[in-house]
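> Below is a structure I'd like to ask you about.
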Amino acid sequence: MDIQFVASDAALAANAAVARIVFEGDTYAGPLAQAVAASRFTGAKGQTLDILAPQGEAAARLVLVGAGKRDGFNALGAEHAAATGYNQVKLSGLTVLRVEVSGDAELAAHAALGLRLAGYRFDKYRTKEKAEKKPSIVKAEVATGTPDAALATFGPLSALADGISFTRDLVSEPPNVLFPAEFAARVKALESLGLEVEILGEPEMTKLGMGSLLAVGQGSIRESRLAIIKWYGADDKSAQPVAFVGKGVCFDTGGISIKPAENMEDMKWDMGGAGAVSGLMHTLAGRKAKVNAIGILGLVENMPDGNAYRPGDVLTSMSGQTIEVINTDAEGRLVLADALWYCQDRFKPKFMVDLATLTGAIIIALGNDYAGCFSNNDELSANLLAAAAAENEGLWRMPLPEAYNKQIDSMIADMKNTGGRPGGSITAALFLQRYVNGLPWAHLDIASTAWSKPSSAPTSPDGATGYGVRLLNRLVQDRYEG
């Protein structure tokens with residue numbers, strides 16, 4: 001979908017729909033007042049009133065989009081209102097949508113971001129979809145009093161939309177297409193944006209002693225990879241970087257501790273953490289962020305096989321710590337253990353944030369609208385929560401009680417890879433904490449937020465959400481850019 005900024009009085013195409021953002025308490029005149037009076041439309045946030053354009057309107061169709069109270073309208077409100085207008089008319093048969101935005105350039109730019117995000121569609125494998133099920137809107141206009149300023153403001157937001165779309169594409173791909181080597185190749189292609197990308201194969205990881213990560217992938221015919229993505233955007237290229245680590249289990253059967261068949265197809269998105277880190281690095285490079293940043297992706301498949309790792313095995317991680325395997329479906333933490341250790345050991349970052357679709361327990365605890373945040377550092381946790389609130393990506397801090405460590409103590413090794421069902425998300429985070437070597441660190445368990453069906457946000461179509469890209473981009477932008 002082509003998106004342009006136009007003046008408020010620009011001529012309108014004959015086949016256009018207009019989405020007009022309105023507020024509670026607004027008054028209307030003529031036929032429009034009659035239409036509102038004959039409905040239950042009040043201008044409340046998320047409400048729409050879709051009518052044939054009354055006499056005097058140039059559009060073929062007019063949609064009033066409620067944005068709530070005028071004095072509470074902000075950038076996120078503009079995104080949601082524009083996305084709501086698009087969703088209302090995307091299958092209408094009309095080809096042009098104009099969104100009317102009153103206010104400053106920032107509001108107009110965020111309306112365009114809302115259109116970009118709402119217009120995302122992963123349809124590359126559809127060959128027989130009926131025309132009436134395909135979106136007809138091919139061009140969107142954001143009408144504003146300051147189109148040039150809005151376009152300039154939109155630049156970094158466009159880079160953010162690109163990063164989110166990249167994440168959504170990765171998470172949406174089927175596992176027979178996106179296996180570790182293919183994931184690594186797609187990340188390697190991001191060097192065209194100015195990123196530096198290294199890919200480690202199994203021989204290099206074996207030499208480094210990554211016995212924890214490698215064990216997870218040993219039952220697959222697809223070799224594991226570690227991707228290292230580097231962005232040096234600070235004026236001082238040697239300045240201490242920030243770092244982000246992603247779990248990239250491209251498909252998770254559970255291994256020998258195999259999962260039930262029902263909904264196992266969803267485990268293609270068990271690489272959502274690595275997808276989010278990839279999208280973040282895409283965004284930072286796209287907007288030329290003034291920061292040095294590192295992204296680390298642990299990319300594996302967890303498959304059952306005669307060579308697969310087993311319950312009862314003892315693994316030696318890169319850190320030298322040993323792990324008794326209790327359940328091969330608690331595999332993400334084994335991947336992250338070596339990825340986190342490698343990251344802190346090589347790059348000595350200011351902090352590490354890992355993202356992982358780690359536990360089903362976090363969904364039970366927080367539902368589908370909040371990810372869990374576990375951290376050993378109050379300042380980092382507060383910064384993450386502030387960024388999450390600013391970007392409307394739900395995040396809730398969870399406890400890390402020292403006493404729960406006993407649940408992952410092993411009789412024959414340094415630790416077990418699972419502490420059982422009670423406090424499952426907590427004990428998983430406590431396991432990871434043993435691999436950060438005292439560095440400020442946060443673990444975001446995004447099992448609840450990486451995928452949505454149905455979606456609760458107008459800017460996120462059903463499926464891959466791209467959760468985490470906005471949050472972490474905001475964290476970097478607000479706190480760590482020089």
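If you're wondering about the labels, chains in the structure tokens are A, B, ... by order shown, residues count from 1 in each chain, ligands from 1 in order shown.
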Would you mind listing what lies within 6 Å of range 216-224 of chain A as a short mmCIF file (atom, residue, chain, number, x, y, z; two decimals) with C-alpha atoms, in the first residue's frame, with only C-alpha atoms counted and same-chain residues fewer than 2 positions away left out?

```cif
data_model
loop_
_atom_site.label_atom_id
_atom_site.label_comp_id
_atom_site.auth_asym_id
_atom_site.auth_seq_id
_atom_site.Cartn_x
_atom_site.Cartn_y
_atom_site.Cartn_z
CA PRO A 180 18.27 -22.07 11.04
CA LEU A 213 22.80 -24.83 22.54
CA LEU A 214 24.17 -27.56 20.30
CA LEU A 299 18.99 -20.61 15.87
CA VAL A 300 18.08 -24.30 16.22
CA GLU A 301 15.40 -26.91 15.52
CA ASN A 302 14.24 -29.19 18.34
CA MET A 303 13.39 -32.52 16.73
CA PRO A 304 13.03 -36.15 17.93
CA ASP A 305 15.58 -38.47 16.37
CA ASN A 307 20.59 -38.65 17.77
CA ALA A 308 18.40 -36.27 19.79
#
```
> DSSP on the backbone, strand (DSSP E or B) only: what residues of range 83-327 of chain A does that give? Format it as a PyMOL selection string.
chain A and resi 96-100+139-144+196-200+225-232+242-252+292-302+314-316+322-324
> As an exercise, work out the distance from CA of Glu262 in chain A to CA of Gly372 in chain A in Å and give it to one decimal place.
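Computing it gives 25.1 Å between the two atoms.
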> State, in Å with one decimal place, the distance from CA of Asn292 in chain A to CA of Gly233 in chain A.
5.4 Å
> If you count only C-alpha atoms, which residues fall within 7 Å of Ala81 in chain A, apart from same-chain ones fewer than 4 positions away, as a list in words?
Ile21, Gly46, Val65, Ala67, Gly77 and Gly85 of chain A
> Filtering to C-alpha atoms, could you give me those residues as a short mmCIF file (atom, residue, chain, number, x, y, z; two decimals), in the first residue's frame?

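New file out15.cif:
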```
data_model
loop_
_atom_site.label_atom_id
_atom_site.label_comp_id
_atom_site.auth_asym_id
_atom_site.auth_seq_id
_atom_site.Cartn_x
_atom_site.Cartn_y
_atom_site.Cartn_z
CA ILE A 21 -11.15 11.12 12.99
CA GLY A 46 -12.72 2.54 18.46
CA VAL A 65 -13.73 7.02 13.42
CA ALA A 67 -10.98 8.66 19.00
CA GLY A 77 -4.46 7.35 19.35
CA GLY A 85 -10.50 3.42 9.47
#
```
> Pick out the closest residue to Asp2 in chain A from this set: A:Glu132, A:Glu182, A:Asp123, A:Glu141. Count only C-alpha atoms.
A:Glu141
> A:Gly468, A:Leu91, A:Ile51, A:Cys343: which is nearest Ala35 in chain A, counting only C-alpha atoms?
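Once distances to Ala35 in chain A are computed over only C-alpha atoms, the minimum belongs to A:Ile51.
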> Would you mind listing what lies within 12 Å of Tyr342 in chain A as a tab-separated table (two decimals) with N, CA and C atoms, in the first residue's frame, with only C-alpha atoms counted and same-chain residues fewer than 6 positions away left out?

```
chain	number	residue	atom	x	y	z
A	200	LEU	N	27.95	-18.10	12.89
A	200	LEU	CA	28.74	-19.22	13.37
A	200	LEU	C	27.99	-20.52	13.11
A	205	MET	N	30.83	-23.28	16.97
A	205	MET	CA	30.20	-23.34	18.30
A	205	MET	C	30.75	-24.49	19.12
A	208	LEU	N	33.87	-23.34	20.66
A	208	LEU	CA	33.61	-22.42	21.77
A	208	LEU	C	33.06	-23.13	23.00
A	209	GLY	N	32.66	-24.39	22.85
A	209	GLY	CA	32.14	-25.14	23.99
A	209	GLY	C	30.66	-24.93	24.24
A	210	MET	N	29.88	-24.62	23.20
A	210	MET	CA	28.45	-24.36	23.37
A	210	MET	C	27.66	-25.67	23.40
A	212	SER	N	25.38	-26.64	25.42
A	212	SER	CA	23.97	-26.49	25.78
A	212	SER	C	23.13	-26.20	24.53
A	213	LEU	N	23.52	-25.18	23.77
A	213	LEU	CA	22.80	-24.83	22.54
A	213	LEU	C	22.85	-25.97	21.53
A	226	LEU	N	24.53	-19.63	15.08
A	226	LEU	CA	24.51	-18.47	15.96
A	226	LEU	C	24.76	-17.25	15.09
A	227	ALA	N	23.82	-16.31	15.11
A	227	ALA	CA	23.97	-15.08	14.31
A	227	ALA	C	24.33	-13.94	15.24
A	228	ILE	N	25.34	-13.17	14.86
A	228	ILE	CA	25.80	-12.00	15.61
A	228	ILE	C	25.60	-10.79	14.71
A	243	ALA	N	22.94	-4.68	24.30
A	243	ALA	CA	22.87	-6.00	23.67
A	243	ALA	C	21.50	-6.65	23.85
A	244	PHE	N	21.09	-7.37	22.82
A	244	PHE	CA	19.79	-8.03	22.79
A	244	PHE	C	19.99	-9.46	22.27
A	245	VAL	N	19.40	-10.41	22.95
A	245	VAL	CA	19.60	-11.83	22.65
A	245	VAL	C	18.24	-12.46	22.40
A	294	ILE	N	24.30	-4.68	19.79
A	294	ILE	CA	24.60	-6.05	19.41
A	294	ILE	C	23.33	-6.87	19.49
A	295	GLY	N	23.09	-7.68	18.48
A	295	GLY	CA	22.00	-8.66	18.52
A	295	GLY	C	22.59	-10.05	18.37
A	296	ILE	N	22.19	-10.97	19.23
A	296	ILE	CA	22.65	-12.35	19.18
A	296	ILE	C	21.43	-13.26	19.02
A	297	LEU	N	21.47	-14.15	18.03
A	297	LEU	CA	20.36	-15.06	17.77
A	297	LEU	C	20.85	-16.50	17.87
A	298	GLY	N	20.24	-17.28	18.75
A	298	GLY	CA	20.51	-18.71	18.81
A	298	GLY	C	19.48	-19.44	17.98
A	317	SER	N	27.72	-26.39	29.38
A	317	SER	CA	27.50	-25.14	28.66
A	317	SER	C	28.83	-24.43	28.43
A	318	MET	N	28.79	-23.38	27.61
A	318	MET	CA	29.99	-22.59	27.34
A	318	MET	C	30.59	-22.01	28.61
A	319	SER	N	29.75	-21.72	29.59
A	319	SER	CA	30.22	-21.15	30.85
A	319	SER	C	30.98	-22.15	31.70
A	320	GLY	N	30.88	-23.44	31.35
A	320	GLY	CA	31.45	-24.51	32.17
A	320	GLY	C	30.45	-25.12	33.12
A	335	VAL	N	19.31	-22.94	24.80
A	335	VAL	CA	19.83	-22.12	23.69
A	335	VAL	C	20.32	-20.78	24.23
A	336	LEU	N	19.50	-20.15	25.06
A	336	LEU	CA	19.84	-18.82	25.57
A	336	LEU	C	21.02	-18.86	26.53
A	348	LYS	N	30.97	-7.47	26.37
A	348	LYS	CA	30.96	-6.68	27.62
A	348	LYS	C	29.97	-5.51	27.53
A	349	PRO	N	28.71	-5.78	27.22
A	349	PRO	CA	27.74	-4.69	27.00
A	349	PRO	C	27.31	-4.02	28.30
A	352	MET	N	22.16	-6.65	28.99
A	352	MET	CA	21.58	-7.59	28.03
A	352	MET	C	20.08	-7.71	28.28
A	435	TYR	N	23.54	-17.32	33.79
A	435	TYR	CA	24.42	-17.19	32.62
A	435	TYR	C	24.70	-15.73	32.23
A	436	VAL	N	24.34	-14.79	33.10
A	436	VAL	CA	24.58	-13.39	32.76
A	436	VAL	C	25.81	-12.83	33.47
A	437	ASN	N	26.39	-13.61	34.37
A	437	ASN	CA	27.66	-13.25	35.00
A	437	ASN	C	27.59	-11.91	35.73
```
> Residues of range 36-123 of chain A classed as alpha helix (DSSP H) by DSSP on the backbone are to be reported as number ranges by chain.
A: 36-37, 75-89, 105-118
> Considering only C-alpha atoms, return as a VMD selection string whatever protein or nucleic-acid residues lie within 10 Å of Ser192 in chain A, sequence-local ones (same chain, fewer than 4 positions apart) excluded.
chain A and resid 188 196 285
> Taking into account only C-alpha atoms, which residue in the set A:Phe347, A:Phe154, A:Phe179, A:Phe251 is nearest to Ile229 in chain A?
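The shortest atom-to-atom distance to Ile229 in chain A comes from A:Phe347.
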> Have a look at CA of Asp9 in chain A and CA of Val138 in chain A and let me know their distance in Å, one decimal.
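CA of Val138 in chain A lies 21.1 Å from CA of Asp9 in chain A.
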